[in-house]
Amino acid sequence: MSTGTRSITVGIDGSPASLDAADWAAREARRRRLPLRLLHAGTGPAVSGRVPDVDVPAGRTRTALDRAAIQLSYAHPGLDIIARRTGTPAVQALLAAAADTETLVVGSRGATGFAGFQVGAVALAVTARAERPVVLVRAGELPEDERTPVTGGSPPDSAPYLPVVLGLDVDRPADDLIRYAFDTAALRSAPLHVVHAWTRAEAYAQGARAPRPEDSAERGDGEGRALAGTLQPWRRRFPGTTVREHAVQGHPGPHLLRASARAGLLVVGRATGTGPGRAVRSLIRHAPCAVAVVPHG
């Protein structure tokens, strides 16, 4: 991995959705002790540099990128923030940035100034082709949404993190996907809930007996053992992470959507060279927490 990948990059367009994504990215950069790179794609000359001065020179108007950088520097003192503007179209610029960063963060909903796109279209286009993990952050995401509710007047940032949920197919496990989920949970000291959904074949040859309830139970036990076996070496590698395994019958989308209602982050995979499937696209649109889509071979 080149040194250029040791950063978190977020797409900025000045919309509330992109600013919510930027704040999530800043928190992630602090958790991972990495610099934060702000990228604004659109018209105008390319500009790159550290956080701009708060005092704007006479005759100059603050850009959306300036405002975002200053706002984030106040909210996250000590964070290394690098701001860059490019005239390259949004999808192309974000894909290029994704190749040179550890994680790319974008807003998943709402209107945006990115070349007339809806942010969902930009997010899906980038997610389908990015070489590294893409985190899609819903509009309105707040820091306390990642954590368990607080009581008794305790500060929200002192509360434990909500679980990280990983959607995993044990028939096609991927080290990059599993590593990202375990690493993310460990950084947050959060539990990791791993959901493996399996379906029973509905077509039977002529004359074959109909499936019995015990068949499903036996299949479920086998899927549970396969999930445990897949995760065993990762449990040893991350002994401080609490892992809960869920082998469930049915299609993965509904199970992961339910699990995401009690999660701080949902992690799903995408095979390299393919776009996100229907279930992943639905989760991006409907999950109540941020969704990380991790490409894997």
# chains A, B, ... in the order shown; residues from 1 in each chain; ligands from 1
call {"tool": "residues_around", "arguments": {"residues": "A:Glu102", "least_positions_apart": "4", "cutoff": "7 Å", "atoms": "only C-alpha atoms", "output": "PyMOL selection string"}}
result
chain A and resi 5-8+132
call {"tool": "residues_around", "arguments": {"residues": "A:Leu136", "least_positions_apart": "5", "cutoff": "10 Å", "atoms": "only C-alpha atoms", "output": "list in words"}}
result
Ala21, Trp24, Leu104, Val105, Val106, Gly107, Ser108, Arg109, Gly120, Ala123, Leu124, Thr127, Leu265, Leu266, Ile284, Arg285, Cys289, Ala290, Val291, Ala292 and Val293 of chain A
call {"tool": "write_last_selection", "arguments": {"atoms": "N, CA, C and O atoms", "output": "mmCIF file, in the first residue's frame"}}
result
data_model
loop_
_atom_site.group_PDB
_atom_site.id
_atom_site.type_symbol
_atom_site.label_atom_id
_atom_site.label_comp_id
_atom_site.auth_asym_id
_atom_site.auth_seq_id
_atom_site.Cartn_x
_atom_site.Cartn_y
_atom_site.Cartn_z
ATOM 1 N N ALA A 21 -21.587 14.058 5.762
ATOM 2 C CA ALA A 21 -20.606 13.033 5.392
ATOM 3 C C ALA A 21 -19.202 13.453 5.793
ATOM 4 O O ALA A 21 -18.399 12.630 6.256
ATOM 5 N N TRP A 24 -18.664 12.894 9.469
ATOM 6 C CA TRP A 24 -18.445 11.462 9.718
ATOM 7 C C TRP A 24 -17.013 11.096 9.327
ATOM 8 O O TRP A 24 -16.329 10.368 10.057
ATOM 9 N N LEU A 104 -13.042 6.174 1.021
ATOM 10 C CA LEU A 104 -13.724 7.312 0.415
ATOM 11 C C LEU A 104 -15.095 7.432 1.053
ATOM 12 O O LEU A 104 -15.816 6.434 1.202
ATOM 13 N N VAL A 105 -15.474 8.645 1.426
ATOM 14 C CA VAL A 105 -16.752 8.896 2.091
ATOM 15 C C VAL A 105 -17.575 9.844 1.234
ATOM 16 O O VAL A 105 -17.071 10.870 0.765
ATOM 17 N N VAL A 106 -18.845 9.509 1.025
ATOM 18 C CA VAL A 106 -19.751 10.368 0.266
ATOM 19 C C VAL A 106 -21.108 10.379 0.954
ATOM 20 O O VAL A 106 -21.457 9.458 1.701
ATOM 21 N N GLY A 107 -21.872 11.443 0.699
ATOM 22 C CA GLY A 107 -23.251 11.483 1.157
ATOM 23 C C GLY A 107 -24.106 10.580 0.290
ATOM 24 O O GLY A 107 -23.875 10.454 -0.916
ATOM 25 N N SER A 108 -25.097 9.943 0.888
ATOM 26 C CA SER A 108 -25.879 8.955 0.137
ATOM 27 C C SER A 108 -27.216 9.473 -0.343
ATOM 28 O O SER A 108 -27.889 8.799 -1.116
ATOM 29 N N ARG A 109 -27.648 10.650 0.117
ATOM 30 C CA ARG A 109 -28.971 11.130 -0.268
ATOM 31 C C ARG A 109 -28.986 12.629 -0.410
ATOM 32 O O ARG A 109 -28.105 13.323 0.078
ATOM 33 N N GLY A 120 -27.414 10.367 -4.817
ATOM 34 C CA GLY A 120 -27.539 8.923 -4.882
ATOM 35 C C GLY A 120 -26.928 8.353 -6.142
ATOM 36 O O GLY A 120 -26.303 7.305 -6.122
ATOM 37 N N ALA A 123 -23.164 8.541 -5.732
ATOM 38 C CA ALA A 123 -22.735 7.534 -4.760
ATOM 39 C C ALA A 123 -22.736 6.141 -5.376
ATOM 40 O O ALA A 123 -21.788 5.366 -5.207
ATOM 41 N N LEU A 124 -23.799 5.805 -6.105
ATOM 42 C CA LEU A 124 -23.875 4.470 -6.695
ATOM 43 C C LEU A 124 -22.824 4.280 -7.785
ATOM 44 O O LEU A 124 -22.216 3.221 -7.895
ATOM 45 N N THR A 127 -19.490 3.890 -5.972
ATOM 46 C CA THR A 127 -19.458 2.623 -5.243
ATOM 47 C C THR A 127 -19.267 1.445 -6.191
ATOM 48 O O THR A 127 -18.595 0.471 -5.855
ATOM 49 N N LEU A 265 -22.655 1.095 12.092
ATOM 50 C CA LEU A 265 -22.135 0.996 10.732
ATOM 51 C C LEU A 265 -22.503 -0.371 10.185
ATOM 52 O O LEU A 265 -22.395 -1.385 10.878
ATOM 53 N N LEU A 266 -22.933 -0.393 8.925
ATOM 54 C CA LEU A 266 -23.215 -1.637 8.214
ATOM 55 C C LEU A 266 -22.136 -1.839 7.164
ATOM 56 O O LEU A 266 -21.851 -0.929 6.376
ATOM 57 N N ILE A 284 -28.134 0.804 0.751
ATOM 58 C CA ILE A 284 -27.596 2.165 0.657
ATOM 59 C C ILE A 284 -28.721 3.181 0.786
ATOM 60 O O ILE A 284 -28.578 4.219 1.439
ATOM 61 N N ARG A 285 -29.856 2.886 0.177
ATOM 62 C CA ARG A 285 -30.968 3.834 0.175
ATOM 63 C C ARG A 285 -31.745 3.840 1.487
ATOM 64 O O ARG A 285 -32.274 4.874 1.896
ATOM 65 N N CYS A 289 -28.230 3.687 9.164
ATOM 66 C CA CYS A 289 -26.870 4.026 9.580
ATOM 67 C C CYS A 289 -25.985 4.134 8.347
ATOM 68 O O CYS A 289 -26.414 3.835 7.222
ATOM 69 N N ALA A 290 -24.755 4.568 8.536
ATOM 70 C CA ALA A 290 -23.797 4.626 7.420
ATOM 71 C C ALA A 290 -23.538 3.218 6.904
ATOM 72 O O ALA A 290 -23.584 2.230 7.653
ATOM 73 N N VAL A 291 -23.273 3.122 5.595
ATOM 74 C CA VAL A 291 -23.030 1.818 4.946
ATOM 75 C C VAL A 291 -21.651 1.852 4.297
ATOM 76 O O VAL A 291 -21.355 2.736 3.485
ATOM 77 N N ALA A 292 -20.805 0.883 4.632
ATOM 78 C CA ALA A 292 -19.489 0.734 4.020
ATOM 79 C C ALA A 292 -19.555 -0.385 2.995
ATOM 80 O O ALA A 292 -19.949 -1.509 3.331
ATOM 81 N N VAL A 293 -19.200 -0.088 1.750
ATOM 82 C CA VAL A 293 -19.174 -1.085 0.682
ATOM 83 C C VAL A 293 -17.699 -1.361 0.359
ATOM 84 O O VAL A 293 -16.976 -0.469 -0.066
#
call {"tool": "atom_distance", "arguments": {"atom1": "atom CA of A:Val165", "atom2": "atom CA of A:Glu28"}}
result
16.6 Å
call {"tool": "residues_around", "arguments": {"residues": "stretch 238-241 of chain A", "least_positions_apart": "3", "cutoff": "12 Å", "atoms": "only C-alpha atoms", "output": "list in words"}}
result
Pro163, Val164, Ile178, Arg179, Tyr180, Ala181, Phe182, Asp183, Thr184, Ala185, Ala186, Leu187, Arg188, Ser189, Ala190, Pro191, Leu192, His193, Leu231, Gln232, Pro233, Trp234, Arg235 and Arg244 of chain A
call {"tool": "atom_distance", "arguments": {"atom1": "atom CA of A:Pro89", "atom2": "atom CA of A:His40"}}
result
9.8 Å
